[in-house]
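Have a look at the structure below, then the notes.
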Amino acid sequence: MRKIKFRAQAASSKEWIYGAYHSSNPNCLFDTFPKGLASEQIIPESVGEFTEMLDANGKNIWECDVLENQQQDNDLYKRCRVGRRNGMWIVNYRDGGFVSLWWALETCKLAIVGNAYDNPDLLEGWKER
């Protein structure tokens with residue numbers, strides 16, 4: 001059985017922390033790896049789940065990460081944001097289109113360049129659907 005991991009920004013420091021999340025207490029992330037059970041106040045909007053997939057450089061891909069296609073020059077499809085739709089991990093493009101994250105990783109050389117919270121400028125001018 002897989003361990004479902006989350007990350008969120010700590011309310012006090014805005015540093016990323018990792019652990020378990022439960023919607024019954026949306027203001028806390030429970031640190032279960034590796035120290036044992038403890039909780040920390042978080043910024044609820046920053047919660048993102050680990051996709052269990054890696055980028056072209058072997059880095060963990062998290063929900064709301066911004067990826068860049070190292071093989072694409074077209075601005076419309078150069079960057080994408082990781083999200084979820086109907087239970088499936090997807091990448092959203094600037095024009096509001098999307099494809100599955102798995103397919104995008106299989107067909108493109110995608111590398112993490114930031115995330116929606118630390119780097120909102122990477123998403124300027126995007127359409128949300």
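Residue numbering restarts at 1 in every chain; chains get A, B, ... in the order shown in the structure tokens, and ligands count up from 1 in that same order.
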- Item | Selection near A:Gln41, 9 Å with only C-alpha atoms, sequence-local residues under 2 positions removed, as a list in words | Gln9, Ala10, Ala11, Ser12, Asn27, Cys28, Leu29, Ser39, Ile43 and Pro44 of chain A
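Distance check against A:Phe6 using only C-alpha atoms: of A:Glu40, A:Leu101, A:Gly58, A:Glu63, the minimum falls on A:Glu63.
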- With distances taken over only C-alpha atoms, which of A:Phe98, A:Trp62, A:Trp126, A:Trp89 is nearest to A:Gly114? A:Trp62
- Message: If DSSP is run on the backbone, what residues of chain A are alpha helix (DSSP H)? A reply as a VMD selection string would be ideal.
- Response: chain A and resid 75 to 78 101 to 107
Keeping only C-alpha atoms, write the selected residues to a file as a compact mmCIF listing (two decimals), in the first residue's frame.
# COMPACT_ATOMS: atom_id res chain seq x y z
CA ASP A 75 5.20 29.71 -25.17
CA LEU A 76 1.70 28.20 -25.06
CA TYR A 77 3.05 24.73 -24.24
CA LYS A 78 6.50 25.49 -22.77
CA LEU A 101 0.77 14.01 -16.28
CA TRP A 102 1.84 10.46 -17.07
CA TRP A 103 1.44 11.05 -20.83
CA ALA A 104 3.25 14.41 -20.65
CA LEU A 105 6.19 12.81 -18.81
CA GLU A 106 6.36 9.96 -21.32
CA THR A 107 6.39 12.26 -24.36
- Please run DSSP on the backbone and report, as a ChimeraX atom specification, all residues within chain A that come out as strand (DSSP E). /A:6-9,16-21,28-31,38-41,48-54,60-62,65-69,79-85,88-93,98-100,110-115
Could you dump the residues just selected with C-alpha atoms as a PDB file, in the first residue's frame?
ATOM      1  CA  PHE A   6       1.526  15.926   1.362  1.00  0.00           C
ATOM      2  CA  ARG A   7       3.455  19.149   1.601  1.00  0.00           C
ATOM      3  CA  ALA A   8       2.328  22.597   2.704  1.00  0.00           C
ATOM      4  CA  GLN A   9       3.839  25.880   3.775  1.00  0.00           C
ATOM      5  CA  TRP A  16       7.750  23.677   3.139  1.00  0.00           C
ATOM      6  CA  ILE A  17       6.879  20.881   5.539  1.00  0.00           C
ATOM      7  CA  TYR A  18       5.902  17.318   4.671  1.00  0.00           C
ATOM      8  CA  GLY A  19       3.506  14.863   6.257  1.00  0.00           C
ATOM      9  CA  ALA A  20      -0.062  13.605   6.333  1.00  0.00           C
ATOM     10  CA  TYR A  21      -3.123  15.774   5.788  1.00  0.00           C
ATOM     11  CA  CYS A  28      -2.616  21.393  10.190  1.00  0.00           C
ATOM     12  CA  LEU A  29      -0.208  19.023   8.533  1.00  0.00           C
ATOM     13  CA  PHE A  30       0.685  16.004  10.603  1.00  0.00           C
ATOM     14  CA  ASP A  31       4.382  15.203  10.476  1.00  0.00           C
ATOM     15  CA  ALA A  38       3.317  15.949  15.577  1.00  0.00           C
ATOM     16  CA  SER A  39       1.274  18.684  13.934  1.00  0.00           C
ATOM     17  CA  GLU A  40       2.115  22.103  12.605  1.00  0.00           C
ATOM     18  CA  GLN A  41      -0.098  25.011  11.549  1.00  0.00           C
ATOM     19  CA  GLY A  48      -0.280  19.657  -2.333  1.00  0.00           C
ATOM     20  CA  GLU A  49      -0.123  15.894  -2.727  1.00  0.00           C
ATOM     21  CA  PHE A  50       2.884  13.931  -3.998  1.00  0.00           C
ATOM     22  CA  THR A  51       2.110  12.526  -7.467  1.00  0.00           C
ATOM     23  CA  GLU A  52       4.526   9.577  -7.095  1.00  0.00           C
ATOM     24  CA  MET A  53       6.132  10.694 -10.355  1.00  0.00           C
ATOM     25  CA  LEU A  54       9.543  12.225 -11.052  1.00  0.00           C
ATOM     26  CA  ASN A  60       9.591  14.484  -6.857  1.00  0.00           C
ATOM     27  CA  ILE A  61       6.631  16.137  -8.590  1.00  0.00           C
ATOM     28  CA  TRP A  62       4.012  17.655  -6.272  1.00  0.00           C
ATOM     29  CA  ASP A  65       4.431  22.367  -9.278  1.00  0.00           C
ATOM     30  CA  VAL A  66       5.241  24.274 -12.453  1.00  0.00           C
ATOM     31  CA  LEU A  67       7.077  22.205 -15.060  1.00  0.00           C
ATOM     32  CA  GLU A  68       8.942  23.374 -18.133  1.00  0.00           C
ATOM     33  CA  ASN A  69       9.248  21.382 -21.340  1.00  0.00           C
ATOM     34  CA  ARG A  79       5.218  25.563 -19.153  1.00  0.00           C
ATOM     35  CA  CYS A  80       2.514  23.589 -17.407  1.00  0.00           C
ATOM     36  CA  ARG A  81       1.091  23.344 -13.892  1.00  0.00           C
ATOM     37  CA  VAL A  82       0.454  20.033 -12.147  1.00  0.00           C
ATOM     38  CA  GLY A  83      -3.125  19.515 -10.990  1.00  0.00           C
ATOM     39  CA  ARG A  84      -5.841  16.921 -10.678  1.00  0.00           C
ATOM     40  CA  ARG A  85      -8.995  16.310 -12.657  1.00  0.00           C
ATOM     41  CA  MET A  88      -6.196  11.812 -12.483  1.00  0.00           C
ATOM     42  CA  TRP A  89      -2.945  13.786 -12.318  1.00  0.00           C
ATOM     43  CA  ILE A  90      -2.829  16.299 -15.163  1.00  0.00           C
ATOM     44  CA  VAL A  91      -0.772  19.194 -16.457  1.00  0.00           C
ATOM     45  CA  ASN A  92      -2.625  22.407 -17.280  1.00  0.00           C
ATOM     46  CA  TYR A  93      -1.387  24.624 -20.095  1.00  0.00           C
ATOM     47  CA  PHE A  98      -4.664  19.795 -20.224  1.00  0.00           C
ATOM     48  CA  VAL A  99      -3.258  16.286 -20.687  1.00  0.00           C
ATOM     49  CA  SER A 100      -2.451  13.510 -18.218  1.00  0.00           C
ATOM     50  CA  LEU A 110       9.654  18.085 -18.229  1.00  0.00           C
ATOM     51  CA  ALA A 111      11.619  19.638 -15.367  1.00  0.00           C
ATOM     52  CA  ILE A 112      10.352  21.454 -12.263  1.00  0.00           C
ATOM     53  CA  VAL A 113      11.018  25.213 -12.429  1.00  0.00           C
ATOM     54  CA  GLY A 114       9.004  26.246  -9.374  1.00  0.00           C
ATOM     55  CA  ASN A 115       5.533  26.029  -7.905  1.00  0.00           C
TER      56      ASN A 115
END
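Among the candidates A:Ile42, A:Asp73, A:Lys109, A:Leu123, the residue lying nearest to A:Arg94 is A:Leu123 (atoms considered: only C-alpha atoms).
The space separating atom CA of A:Asp121 from atom CA of A:Glu45 comes to 17.1 Å.
Between atom CA of A:Lys3 and atom CA of A:Glu15 the interatomic distance comes to 22.1 Å.
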